[in-house]
Protein chains: 2
Amino acid sequence: MSLDSITTALRKHLPKGRVLTQPEELRPYECDALSAYRQLPMVVVIPDTFEQVQSVLRLCSEHKVPVVARGSGTGLSGGAMPLENGVLLSLARFNRILDIDVHNRVARVQPGVTNLSISNAVADDGLYYAPDPSSQIACSIGGNVAENAGGVHCLKYGLTTHNIQALEVLTIDGTHLTIGGQALDAPGYDLLALMTGSEGMLGVITEVTVKLLPRPEVAQVVMAAFDSVDAAGAGVTAVIASGIIPAGLELLDKPAIDAVEKFIHTGYPKHAAAILLCELDGTQEDVTAQIERVNRVFKEAGAIDLQVSHNEAERQRFWAGRKAAFPAMGRLSPDYYCMDGTIPRKHLAHVLNQISTLSEAYGLPICNVFHAGDGNLHPLILYDANQAGELERTEELGGKILELCVEVGGTITGEHGVGLEKINQMCVQFNAAELRQFHAIKSAFDADNLLNPGKAIPTLHRCAEFGAMHVHHGELPHPELERF
Amino acid sequence: MSLDSITTALRKHLPKGRVLTQPEELRPYECDALSAYRQLPMVVVIPDTFEQVQSVLRLCSEHKVPVVARGSGTGLSGGAMPLENGVLLSLARFNRILDIDVHNRVARVQPGVTNLSISNAVADDGLYYAPDPSSQIACSIGGNVAENAGGVHCLKYGLTTHNIQALEVLTIDGTHLTIGGQALDAPGYDLLALMTGSEGMLGVITEVTVKLLPRPEVAQVVMAAFDSVDAAGAGVTAVIASGIIPAGLELLDKPAIDAVEKFIHTGYPKHAAAILLCELDGTQEDVTAQIERVNRVFKEAGAIDLQVSHNEAERQRFWAGRKAAFPAMGRLSPDYYCMDGTIPRKHLAHVLNQISTLSEAYGLPICNVFHAGDGNLHPLILYDANQAGELERTEELGGKILELCVEVGGTITGEHGVGLEKINQMCVQFNAAELRQFHAIKSAFDADNLLNPGKAIPTLHRCAEFGAMHVHHGELPHPELERF
């Protein structure tokens with residue numbers, strides 16, 4: 001279908017000014033927060049209502065036009081990158097909180113509502129929405145569901161998938177599905193979990209019911225410094241092994257501490273090889289008891305310095321450094337690339353040492369600031385996009401780090417999704433049978449492959465090509481692909 | 001394929017004595033714990049190894065013979081009911097714990113391992129596996145995954161789906177899938193949650209990696225008596241609203257209390273219209289603080305009697321009545337039928353009153369003993385199977401109760417699954433588009449519908465027939481079905 005005819009058809013269903021086709025109008029949509037990848041969409045639509053979304057999808061389905069849904073565009077893996085021949089469906093105007101049920105501790109919200117505004121809306125009731133991605137001031141809840149977003153507090157409170165209760169979804173042909181409900185369990189296959197983290201490939205989310213939690217009475221942070229990354233890694237496993245589940249347990253290595261201390265003064269000990277920030281929350285009695293135990297555990301693990309926040313200002317100061325870590329990179333390097341892999345906690349020290357070796361081999365500095373408690377690494381590779389070939393070397397190094405995560409039994413994503421960024425590494429994570437099963441699921445929702453095609457799940461053909469480039473120990477990762 | 005030829009083919013792949021065809025050998029497999037439904041299978045196979053299961057599935061797939069997998073046969077919804085023309089695949093010999101990783105707090109076990117034996121195996125390490133169905137001494141972990149089993153402690157610790165980390169699965173054509181892993185998040189669609197609760201219809205589980213939790217330092221029970229079911233219901237919502245998540249929060253109504261007190265003396269107050277058992281666990285400081293708050297909340301909700309267990313013997317005595325409630329029904333009635341529906345907590349009092357009205361209308365007594373904290377009802381309908389028509393009236397009454405759950409925004413199952421028992425109520429719970437989506441998922445794994453066919457997800461044809469019988473307010477629940 002030509003651009004003119006699809007535009008004319010779309011304009012019949014949408015209010016004036018909500019179908020964009022001029023390059024200057026399309027420009028803001030050319031990428032999400034993975035700005036290394038850019039593409040102008042064919043057309044952008046900005047519907048107001050469920051019925052308008054349904055009409056757009058029916059039209060696209062009928063004329064076989066691909067559709068990419070977009071929330072706030074804060075995604076880090078290119079999941080909302082548009083297609084040259086496709087419709088970019090913005091859900092920005094779906095920005096209302098529809099209902100807050102304090103009694104059942106749930107809120108019904110539209111997908112374009114920002115993560116933080118949900119917690120703000122229920123703050124007076126002593127409640128909050130737990131998952132807290134760094135972008136929570138801007139990112140949309142629909143995008144959080146699509147990418148199964150996490151955050152500092154996921155260790156104790158779980159990912160997005162553990163904090164939502166129901167979805168309203170439209171499939172590509174405009175079919176309306178209600179998924180999940182008000183109860184803990186639902187009969188039938190668990191489509192709620194299936195949809196969460198499906199990166200916009202199975203349906204378009206038009207409403208989300210989120211769970212709300214009572215805000216803990218008290219939160220305090222223990223900051224522990226160690227003279228080696230190995231000792232800090234041991235501290236992480238020892239805390240978890242002691243039976244305590246901290247609200248957050250973050251690690252900063254020396255390069256990250258140095259960058260942060262030059263940027264803002266947080267009082268992190270400069271002689272430390274690594275520090276851990278361990279937040280405990282709950283009632284005051286419980287937090288006091290836990291801090292005592294955590295201090296003991298860190299001492300036994302060899303902590304060389306221990307500090308506890310005694311009021312909210314101190315707590316905020318401890319976190320300020322962690323929160324400033326990404327902006328602080330700007331002083332060290334013109335560009336940085338944030339990776340996202342997850343490993344079993346016990347391999348923390350080994351993997352950090354290997355990353356350091358890779359960093360030297362590629363001549364690209366790496367800072368580590370990450371969710372240590374759940375083994376969710378975020379190596380920040382520092383590079384200069386203006387140096388020819390440096391982005392390519394950075395991407396290759398990033399790929400190696402992800403493959404290292406898989407090697408030790410981990411995964412290529414913790415909370416950012418696969419999107420375009422990590423699609424090749426999916427070939428390392430899964431074998432052909434598993435990828436075929438993913439494609440079968442996709443077909444069960446979207447047989448013509450129109451919703452966000454080319455993201456998250458690689459074709460077997462792509463893996464064969466990638467496999468031919470990346471030979472492991474002299475063997476293709478998918479020898480069975482030779483049959484294809 | 002004839003019985004003789006399938007038997008001959010199966011015997012080539014299995015050890016001697018593991019392919020059963022004689023009626024007396026088949027008899028133990030004719031039903032699971034929903035013994036109202038019985039059917040002898042065509043043949044029973046009892047493999048020892050992964051490869052043997054794979055061979056059985058390949059053979060059945062090739063010859064289009066349906067297969068029903070079975071764990072311990074303790075399921076309450078008929079999920080493991082055999083088929084006259086099908087193979088019953090027993091996983092009873094897959095009964096080994098393969099690996100315990102105290103460090104990462106996971107255990108790798110075969111599907112035939114019993115739920116309780118996992119906790120026993122890790123007790124010396126201070127760990128346990130949290131979901132605790134009443135049948136935990138006998139039920140298998142593979143069956144727990146297939147039905148997404150729950151238990152008293154699910155309120156705080158979640159259902160099976162929240163407590164497993166990875167599965168090894170064989171699909172009907174013998175394809176081996178590794179699902180999930182050692183990390184909190186996994187890339188690709190969430191097949192782990194999809195497989196959990198899929199009632200044996202998507203694949204056969206050959207290995208389960210379960211999460212282990214540190215055993216809480218202390219557990220204590222508060223027993224609160226109320227002079228009305230309404231007040232007890234208000235007590236439940238008030239505890240949850242206070243921000244406390246008890247380890248368990250159970251309700252027994254007057255008929256249940258009377259039955260229990262006649263059966264064993266537990267000291268439940270006989271003048272109470274309902275009692276709540278509220279278990280708190282954690283560190284001693286935390287439990288003491290929580291008991292104080294729970295006592296205050298119950299008092300405000302109108303509790304007429306409050307007792308707290310002060311040692312393990314008292315705690316066991318409080319629970320003894322709850323645990324004896326089902327056997328105690330044997331003194332009241334020759335047979336009982338245990339229903340399983342879930343409702344939003346705020347409707348507890350309304351639904352219990354409606355159930356009481358239905359009980360009078362049908363002339364069948366009902367006792368209520370259930371997981372009040374998560375709104376998971378277990379009405380026990382007392383009947384006499386030897387009275388002509390009484391089972392049929394019981395089933396009809398049970399169906400009405402499930403439809404009542406759906407009406408108030410709840411679901412037709414909390415933890416027992418749909419199986420055969422509730423398949424008609426799925427037509428009330430879901431519309432045609434949603435059921436079609438379930439069938440598409442099934443086809444993505446098992447296009448020939450050979451794995452446990454006829455369970456859990458009704459055909460649209462079946463719903464049309466059921467809809468024609470059960471007319472709601474003069475309207476079919478699925479008017480769109482007239483198109484089929």
# chains A, B, ... in the order shown; residues from 1 in each chain; ligands from 1
$ residues_around --residues "Ala301 of chain B" --least-positions-apart "3" --cutoff "8 Å" --atoms "only C-alpha atoms" --output "VMD selection string"
chain B and resid 231 to 232 234 to 235 238 297 to 298
$ closest_atom_pairs --of "chain A" --to "chain B" --cutoff "7 Å" --atoms "only C-alpha atoms" --output "Markdown table"
| residue | atom | partner | partner_atom | distance |
| --- | --- | --- | --- | --- |
| A:His103 | CA | B:Ala241 | CA | 6.6 |
| A:Thr175 | CA | B:Ala433 | CA | 7.0 |
| A:Leu177 | CA | B:Glu434 | CA | 5.9 |
| A:Gln182 | CA | B:Pro344 | CA | 6.0 |
| A:Ala183 | CA | B:Gly410 | CA | 5.8 |
| A:Leu184 | CA | B:Asp374 | CA | 6.8 |
| A:Asp185 | CA | B:Gly414 | CA | 5.5 |
| A:Ala186 | CA | B:Thr411 | CA | 6.2 |
| A:Pro187 | CA | B:Thr413 | CA | 6.1 |
| A:Gly188 | CA | B:Ile457 | CA | 6.7 |
| A:Tyr189 | CA | B:Ser198 | CA | 5.5 |
| A:Asp190 | CA | B:Leu194 | CA | 5.0 |
| A:Leu191 | CA | B:Leu194 | CA | 6.8 |
| A:Ala193 | CA | B:Ala193 | CA | 6.1 |
| A:Leu194 | CA | B:Asp190 | CA | 5.0 |
| A:Gly197 | CA | B:Tyr189 | CA | 6.7 |
| A:Ser198 | CA | B:Tyr189 | CA | 5.5 |
| A:Pro214 | CA | B:Gly243 | CA | 5.5 |
| A:Ala241 | CA | B:His103 | CA | 6.6 |
| A:Gly243 | CA | B:Pro214 | CA | 5.5 |
| A:Glu285 | CA | B:Glu285 | CA | 6.6 |
| A:Asp286 | CA | B:Asp286 | CA | 5.6 |
| A:Thr342 | CA | B:Ala183 | CA | 6.1 |
| A:Ile343 | CA | B:Ala183 | CA | 6.2 |
| A:Pro344 | CA | B:Gln182 | CA | 6.0 |
| A:Asp374 | CA | B:Leu184 | CA | 6.8 |
| A:Gly409 | CA | B:Gln182 | CA | 6.5 |
| A:Gly410 | CA | B:Ala183 | CA | 5.8 |
| A:Thr411 | CA | B:Ala186 | CA | 6.2 |
| A:Ile412 | CA | B:Pro187 | CA | 6.9 |
| A:Thr413 | CA | B:Pro187 | CA | 6.1 |
| A:Gly414 | CA | B:Asp185 | CA | 5.5 |
| A:Gly417 | CA | B:Pro187 | CA | 6.7 |
| A:Val418 | CA | B:Pro187 | CA | 6.6 |
| A:Ala433 | CA | B:Leu177 | CA | 6.9 |
| A:Glu434 | CA | B:Leu177 | CA | 5.9 |
| A:Phe438 | CA | B:Tyr189 | CA | 6.7 |
| A:Ala440 | CA | B:Ala444 | CA | 5.0 |
| A:Ile441 | CA | B:Ala444 | CA | 5.7 |
| A:Ala444 | CA | B:Ala440 | CA | 5.0 |
| A:Ala456 | CA | B:Gly188 | CA | 6.7 |
| A:Ile457 | CA | B:Gly188 | CA | 6.7 |
$ select_by_dssp --residues "segment 300-403 of chain A" --states "strand (DSSP E or B)" --output "list in words"
Asp305, Leu306, Gln307, Val308, Asp335, Tyr336, Tyr337, Cys338, Gly341, Thr342, Ile366, Cys367, Asn368, Val369, Phe370, His371, Asn376, Leu377, Pro379, Leu380, Ile381, Leu382 and Tyr383 of chain A
$ atom_distance --atom1 "atom CA of Tyr128 of chain A" --atom2 "atom CA of Leu212 of chain A"
5.4 Å
$ residues_around --residues "segment 310-312 of chain A" --least-positions-apart "5" --cutoff "10 Å" --atoms "only C-alpha atoms" --output "VMD selection string"
chain A and resid 218 to 222 317 to 318
$ residues_around --residues "Glu207 of chain A" --least-positions-apart "2" --cutoff "10 Å" --atoms "only C-alpha atoms" --output "PDB file with all heavy atoms, in the first residue's frame"
ATOM      1  N   PHE A  50      -9.098   3.897  22.673  1.00  0.00           N
ATOM      2  CA  PHE A  50      -9.014   2.467  22.394  1.00  0.00           C
ATOM      3  C   PHE A  50      -9.508   2.167  20.983  1.00  0.00           C
ATOM      4  O   PHE A  50      -8.871   1.429  20.225  1.00  0.00           O
ATOM      5  CB  PHE A  50      -9.877   1.741  23.435  1.00  0.00           C
ATOM      6  CG  PHE A  50      -9.970   0.261  23.256  1.00  0.00           C
ATOM      7  CD1 PHE A  50      -9.013  -0.576  23.816  1.00  0.00           C
ATOM      8  CD2 PHE A  50     -11.020  -0.298  22.540  1.00  0.00           C
ATOM      9  CE1 PHE A  50      -9.105  -1.958  23.651  1.00  0.00           C
ATOM     10  CE2 PHE A  50     -11.117  -1.679  22.367  1.00  0.00           C
ATOM     11  CZ  PHE A  50     -10.150  -2.507  22.936  1.00  0.00           C
ATOM     12  N   PHE A  94      -2.273   8.268  25.900  1.00  0.00           N
ATOM     13  CA  PHE A  94      -2.949   7.379  26.857  1.00  0.00           C
ATOM     14  C   PHE A  94      -2.309   7.597  28.229  1.00  0.00           C
ATOM     15  O   PHE A  94      -1.629   6.726  28.767  1.00  0.00           O
ATOM     16  CB  PHE A  94      -2.802   5.926  26.418  1.00  0.00           C
ATOM     17  CG  PHE A  94      -3.752   5.536  25.338  1.00  0.00           C
ATOM     18  CD1 PHE A  94      -3.607   6.029  24.061  1.00  0.00           C
ATOM     19  CD2 PHE A  94      -4.825   4.686  25.602  1.00  0.00           C
ATOM     20  CE1 PHE A  94      -4.495   5.692  23.056  1.00  0.00           C
ATOM     21  CE2 PHE A  94      -5.724   4.345  24.616  1.00  0.00           C
ATOM     22  CZ  PHE A  94      -5.561   4.840  23.344  1.00  0.00           C
ATOM     23  N   ARG A  96      -3.717   8.684  31.325  1.00  0.00           N
ATOM     24  CA  ARG A  96      -4.576   8.899  32.492  1.00  0.00           C
ATOM     25  C   ARG A  96      -4.542   7.725  33.466  1.00  0.00           C
ATOM     26  O   ARG A  96      -4.483   6.568  33.059  1.00  0.00           O
ATOM     27  CB  ARG A  96      -6.010   9.162  32.052  1.00  0.00           C
ATOM     28  CG  ARG A  96      -6.208  10.641  31.592  1.00  0.00           C
ATOM     29  CD  ARG A  96      -7.609  10.899  31.093  1.00  0.00           C
ATOM     30  NE  ARG A  96      -7.971   9.944  30.061  1.00  0.00           N
ATOM     31  CZ  ARG A  96      -9.069   9.208  30.056  1.00  0.00           C
ATOM     32  NH1 ARG A  96      -9.951   9.323  31.026  1.00  0.00           N
ATOM     33  NH2 ARG A  96      -9.305   8.357  29.080  1.00  0.00           N
ATOM     34  N   ILE A  97      -4.608   8.061  34.749  1.00  0.00           N
ATOM     35  CA  ILE A  97      -4.803   7.052  35.792  1.00  0.00           C
ATOM     36  C   ILE A  97      -6.310   6.877  35.899  1.00  0.00           C
ATOM     37  O   ILE A  97      -7.037   7.828  36.179  1.00  0.00           O
ATOM     38  CB  ILE A  97      -4.169   7.511  37.121  1.00  0.00           C
ATOM     39  CG1 ILE A  97      -2.639   7.555  36.949  1.00  0.00           C
ATOM     40  CG2 ILE A  97      -4.589   6.594  38.267  1.00  0.00           C
ATOM     41  CD1 ILE A  97      -1.880   8.045  38.165  1.00  0.00           C
ATOM     42  N   LEU A  98      -6.810   5.678  35.631  1.00  0.00           N
ATOM     43  CA  LEU A  98      -8.250   5.471  35.493  1.00  0.00           C
ATOM     44  C   LEU A  98      -8.934   5.188  36.822  1.00  0.00           C
ATOM     45  O   LEU A  98     -10.067   5.585  37.038  1.00  0.00           O
ATOM     46  CB  LEU A  98      -8.515   4.313  34.519  1.00  0.00           C
ATOM     47  CG  LEU A  98      -7.937   4.512  33.115  1.00  0.00           C
ATOM     48  CD1 LEU A  98      -8.054   3.227  32.308  1.00  0.00           C
ATOM     49  CD2 LEU A  98      -8.653   5.660  32.394  1.00  0.00           C
ATOM     50  N   ARG A 108      -5.612   1.021  38.075  1.00  0.00           N
ATOM     51  CA  ARG A 108      -5.812   0.786  36.636  1.00  0.00           C
ATOM     52  C   ARG A 108      -5.327   2.037  35.936  1.00  0.00           C
ATOM     53  O   ARG A 108      -5.801   3.140  36.221  1.00  0.00           O
ATOM     54  CB  ARG A 108      -7.298   0.589  36.350  1.00  0.00           C
ATOM     55  CG  ARG A 108      -7.648  -0.819  36.029  1.00  0.00           C
ATOM     56  CD  ARG A 108      -9.093  -1.079  35.668  1.00  0.00           C
ATOM     57  NE  ARG A 108     -10.043  -0.035  35.944  1.00  0.00           N
ATOM     58  CZ  ARG A 108     -10.602   0.732  35.008  1.00  0.00           C
ATOM     59  NH1 ARG A 108     -10.280   0.601  33.734  1.00  0.00           N
ATOM     60  NH2 ARG A 108     -11.483   1.644  35.366  1.00  0.00           N
ATOM     61  N   VAL A 109      -4.352   1.883  35.035  1.00  0.00           N
ATOM     62  CA  VAL A 109      -3.787   3.059  34.381  1.00  0.00           C
ATOM     63  C   VAL A 109      -3.659   2.821  32.886  1.00  0.00           C
ATOM     64  O   VAL A 109      -3.595   1.682  32.416  1.00  0.00           O
ATOM     65  CB  VAL A 109      -2.391   3.412  34.962  1.00  0.00           C
ATOM     66  CG1 VAL A 109      -2.443   3.592  36.468  1.00  0.00           C
ATOM     67  CG2 VAL A 109      -1.358   2.344  34.617  1.00  0.00           C
ATOM     68  N   GLN A 110      -3.610   3.929  32.131  1.00  0.00           N
ATOM     69  CA  GLN A 110      -3.358   3.825  30.703  1.00  0.00           C
ATOM     70  C   GLN A 110      -1.859   3.616  30.472  1.00  0.00           C
ATOM     71  O   GLN A 110      -1.041   3.978  31.326  1.00  0.00           O
ATOM     72  CB  GLN A 110      -3.863   5.094  30.018  1.00  0.00           C
ATOM     73  CG  GLN A 110      -5.399   5.159  30.013  1.00  0.00           C
ATOM     74  CD  GLN A 110      -5.906   6.290  29.132  1.00  0.00           C
ATOM     75  OE1 GLN A 110      -5.404   7.411  29.188  1.00  0.00           O
ATOM     76  NE2 GLN A 110      -6.912   5.998  28.328  1.00  0.00           N
ATOM     77  N   PRO A 111      -1.479   3.059  29.310  1.00  0.00           N
ATOM     78  CA  PRO A 111      -0.082   2.659  29.125  1.00  0.00           C
ATOM     79  C   PRO A 111       0.906   3.816  29.062  1.00  0.00           C
ATOM     80  O   PRO A 111       2.091   3.636  29.334  1.00  0.00           O
ATOM     81  CB  PRO A 111      -0.100   1.897  27.800  1.00  0.00           C
ATOM     82  CG  PRO A 111      -1.332   2.351  27.100  1.00  0.00           C
ATOM     83  CD  PRO A 111      -2.325   2.652  28.178  1.00  0.00           C
ATOM     84  N   GLY A 112       0.437   5.033  28.706  1.00  0.00           N
ATOM     85  CA  GLY A 112       1.359   6.158  28.578  1.00  0.00           C
ATOM     86  C   GLY A 112       1.658   6.878  29.884  1.00  0.00           C
ATOM     87  O   GLY A 112       2.467   7.804  29.918  1.00  0.00           O
ATOM     88  N   VAL A 113       1.023   6.443  30.978  1.00  0.00           N
ATOM     89  CA  VAL A 113       1.277   7.044  32.295  1.00  0.00           C
ATOM     90  C   VAL A 113       2.730   6.749  32.696  1.00  0.00           C
ATOM     91  O   VAL A 113       3.218   5.644  32.481  1.00  0.00           O
ATOM     92  CB  VAL A 113       0.291   6.437  33.320  1.00  0.00           C
ATOM     93  CG1 VAL A 113       0.719   6.696  34.743  1.00  0.00           C
ATOM     94  CG2 VAL A 113      -1.106   6.982  33.066  1.00  0.00           C
ATOM     95  N   ILE A 141       4.491   3.187  31.758  1.00  0.00           N
ATOM     96  CA  ILE A 141       4.200   1.868  32.331  1.00  0.00           C
ATOM     97  C   ILE A 141       3.984   0.835  31.216  1.00  0.00           C
ATOM     98  O   ILE A 141       4.350  -0.334  31.360  1.00  0.00           O
ATOM     99  CB  ILE A 141       2.999   1.941  33.313  1.00  0.00           C
ATOM    100  CG1 ILE A 141       2.825   0.632  34.070  1.00  0.00           C
ATOM    101  CG2 ILE A 141       1.716   2.313  32.601  1.00  0.00           C
ATOM    102  CD1 ILE A 141       3.867   0.377  35.105  1.00  0.00           C
ATOM    103  N   GLY A 142       3.426   1.257  30.085  1.00  0.00           N
ATOM    104  CA  GLY A 142       3.256   0.338  28.953  1.00  0.00           C
ATOM    105  C   GLY A 142       4.603  -0.163  28.466  1.00  0.00           C
ATOM    106  O   GLY A 142       4.781  -1.359  28.200  1.00  0.00           O
ATOM    107  N   ALA A 166      -3.181  -7.229  35.658  1.00  0.00           N
ATOM    108  CA  ALA A 166      -4.049  -7.431  34.500  1.00  0.00           C
ATOM    109  C   ALA A 166      -3.637  -6.484  33.378  1.00  0.00           C
ATOM    110  O   ALA A 166      -3.030  -5.439  33.614  1.00  0.00           O
ATOM    111  CB  ALA A 166      -5.514  -7.174  34.877  1.00  0.00           C
ATOM    112  N   LEU A 167      -3.980  -6.879  32.170  1.00  0.00           N
ATOM    113  CA  LEU A 167      -3.731  -6.057  30.985  1.00  0.00           C
ATOM    114  C   LEU A 167      -4.950  -6.088  30.080  1.00  0.00           C
ATOM    115  O   LEU A 167      -5.638  -7.106  29.993  1.00  0.00           O
ATOM    116  CB  LEU A 167      -2.552  -6.617  30.166  1.00  0.00           C
ATOM    117  CG  LEU A 167      -1.153  -6.624  30.771  1.00  0.00           C
ATOM    118  CD1 LEU A 167      -0.189  -7.347  29.831  1.00  0.00           C
ATOM    119  CD2 LEU A 167      -0.680  -5.203  31.032  1.00  0.00           C
ATOM    120  N   GLU A 168      -5.196  -4.955  29.414  1.00  0.00           N
ATOM    121  CA  GLU A 168      -6.090  -4.961  28.252  1.00  0.00           C
ATOM    122  C   GLU A 168      -5.165  -4.864  27.047  1.00  0.00           C
ATOM    123  O   GLU A 168      -4.267  -4.016  27.008  1.00  0.00           O
ATOM    124  CB  GLU A 168      -7.050  -3.774  28.284  1.00  0.00           C
ATOM    125  CG  GLU A 168      -7.960  -3.728  29.498  1.00  0.00           C
ATOM    126  CD  GLU A 168      -8.925  -4.892  29.582  1.00  0.00           C
ATOM    127  OE1 GLU A 168      -9.303  -5.442  28.525  1.00  0.00           O
ATOM    128  OE2 GLU A 168      -9.284  -5.276  30.710  1.00  0.00           O
ATOM    129  N   VAL A 169      -5.396  -5.724  26.081  1.00  0.00           N
ATOM    130  CA  VAL A 169      -4.473  -5.831  24.950  1.00  0.00           C
ATOM    131  C   VAL A 169      -5.267  -5.894  23.646  1.00  0.00           C
ATOM    132  O   VAL A 169      -6.362  -6.458  23.602  1.00  0.00           O
ATOM    133  CB  VAL A 169      -3.616  -7.122  25.107  1.00  0.00           C
ATOM    134  CG1 VAL A 169      -2.869  -7.452  23.831  1.00  0.00           C
ATOM    135  CG2 VAL A 169      -2.650  -6.982  26.281  1.00  0.00           C
ATOM    136  N   LEU A 170      -4.729  -5.281  22.602  1.00  0.00           N
ATOM    137  CA  LEU A 170      -5.258  -5.462  21.249  1.00  0.00           C
ATOM    138  C   LEU A 170      -4.228  -6.234  20.438  1.00  0.00           C
ATOM    139  O   LEU A 170      -3.048  -5.853  20.413  1.00  0.00           O
ATOM    140  CB  LEU A 170      -5.518  -4.107  20.587  1.00  0.00           C
ATOM    141  CG  LEU A 170      -6.769  -3.373  21.047  1.00  0.00           C
ATOM    142  CD1 LEU A 170      -6.777  -1.937  20.537  1.00  0.00           C
ATOM    143  CD2 LEU A 170      -8.035  -4.103  20.579  1.00  0.00           C
ATOM    144  N   THR A 178      -8.703  -9.490  27.347  1.00  0.00           N
ATOM    145  CA  THR A 178      -8.497  -9.128  28.747  1.00  0.00           C
ATOM    146  C   THR A 178      -7.628 -10.222  29.352  1.00  0.00           C
ATOM    147  O   THR A 178      -7.978 -11.402  29.286  1.00  0.00           O
ATOM    148  CB  THR A 178      -9.830  -9.039  29.488  1.00  0.00           C
ATOM    149  OG1 THR A 178     -10.598  -7.995  28.895  1.00  0.00           O
ATOM    150  CG2 THR A 178      -9.623  -8.718  30.957  1.00  0.00           C
ATOM    151  N   VAL A 204      -0.685  -4.905  21.462  1.00  0.00           N
ATOM    152  CA  VAL A 204      -0.526  -3.520  21.907  1.00  0.00           C
ATOM    153  C   VAL A 204      -1.303  -3.367  23.212  1.00  0.00           C
ATOM    154  O   VAL A 204      -2.494  -3.672  23.283  1.00  0.00           O
ATOM    155  CB  VAL A 204      -1.060  -2.532  20.845  1.00  0.00           C
ATOM    156  CG1 VAL A 204      -1.028  -1.107  21.368  1.00  0.00           C
ATOM    157  CG2 VAL A 204      -0.243  -2.647  19.562  1.00  0.00           C
ATOM    158  N   ILE A 205      -0.608  -2.926  24.252  1.00  0.00           N
ATOM    159  CA  ILE A 205      -1.209  -2.795  25.576  1.00  0.00           C
ATOM    160  C   ILE A 205      -2.014  -1.500  25.631  1.00  0.00           C
ATOM    161  O   ILE A 205      -1.481  -0.428  25.346  1.00  0.00           O
ATOM    162  CB  ILE A 205      -0.101  -2.772  26.645  1.00  0.00           C
ATOM    163  CG1 ILE A 205       0.649  -4.103  26.632  1.00  0.00           C
ATOM    164  CG2 ILE A 205      -0.678  -2.479  28.026  1.00  0.00           C
ATOM    165  CD1 ILE A 205       2.006  -4.031  27.297  1.00  0.00           C
ATOM    166  N   THR A 209      -3.229  -2.932  34.889  1.00  0.00           N
ATOM    167  CA  THR A 209      -3.567  -2.895  36.306  1.00  0.00           C
ATOM    168  C   THR A 209      -2.309  -3.259  37.085  1.00  0.00           C
ATOM    169  O   THR A 209      -1.785  -4.362  36.948  1.00  0.00           O
ATOM    170  CB  THR A 209      -4.710  -3.876  36.643  1.00  0.00           C
ATOM    171  OG1 THR A 209      -5.837  -3.537  35.847  1.00  0.00           O
ATOM    172  CG2 THR A 209      -5.093  -3.786  38.112  1.00  0.00           C
ATOM    173  N   VAL A 210      -1.810  -2.288  37.864  1.00  0.00           N
ATOM    174  CA  VAL A 210      -0.575  -2.526  38.623  1.00  0.00           C
ATOM    175  C   VAL A 210      -0.900  -2.812  40.080  1.00  0.00           C
ATOM    176  O   VAL A 210      -1.914  -2.352  40.604  1.00  0.00           O
ATOM    177  CB  VAL A 210       0.387  -1.307  38.557  1.00  0.00           C
ATOM    178  CG1 VAL A 210       0.791  -1.011  37.132  1.00  0.00           C
ATOM    179  CG2 VAL A 210      -0.244  -0.074  39.207  1.00  0.00           C
TER     180      VAL A 210
END
$ residues_around --residues "Ala273 of chain B" --least-positions-apart "4" --cutoff "7 Å" --atoms "only C-alpha atoms" --output "ChimeraX atom specification"
/B:226-229,253-254
$ closest_residue --among "B:Leu88, B:Val145, B:Leu382, B:Cys278" --to "Leu26 of chain B" --atoms "only C-alpha atoms"
B:Leu88
$ residues_around --residues "segment 65-75 of chain B" --least-positions-apart "4" --cutoff "7 Å" --atoms "only C-alpha atoms" --output "list in words"
Asp32, Ala33, Leu34, Cys60, Ser61, Gly79, Ala80, Pro82, Gly86, Val87, Leu88, Leu89, Ser90, Leu91, Ala92, Gly112, Ala138, Cys139, Ser140, Gly142, Gly143, Gly200, Val204, His416, Leu450, Leu451 and Asn452 of chain B
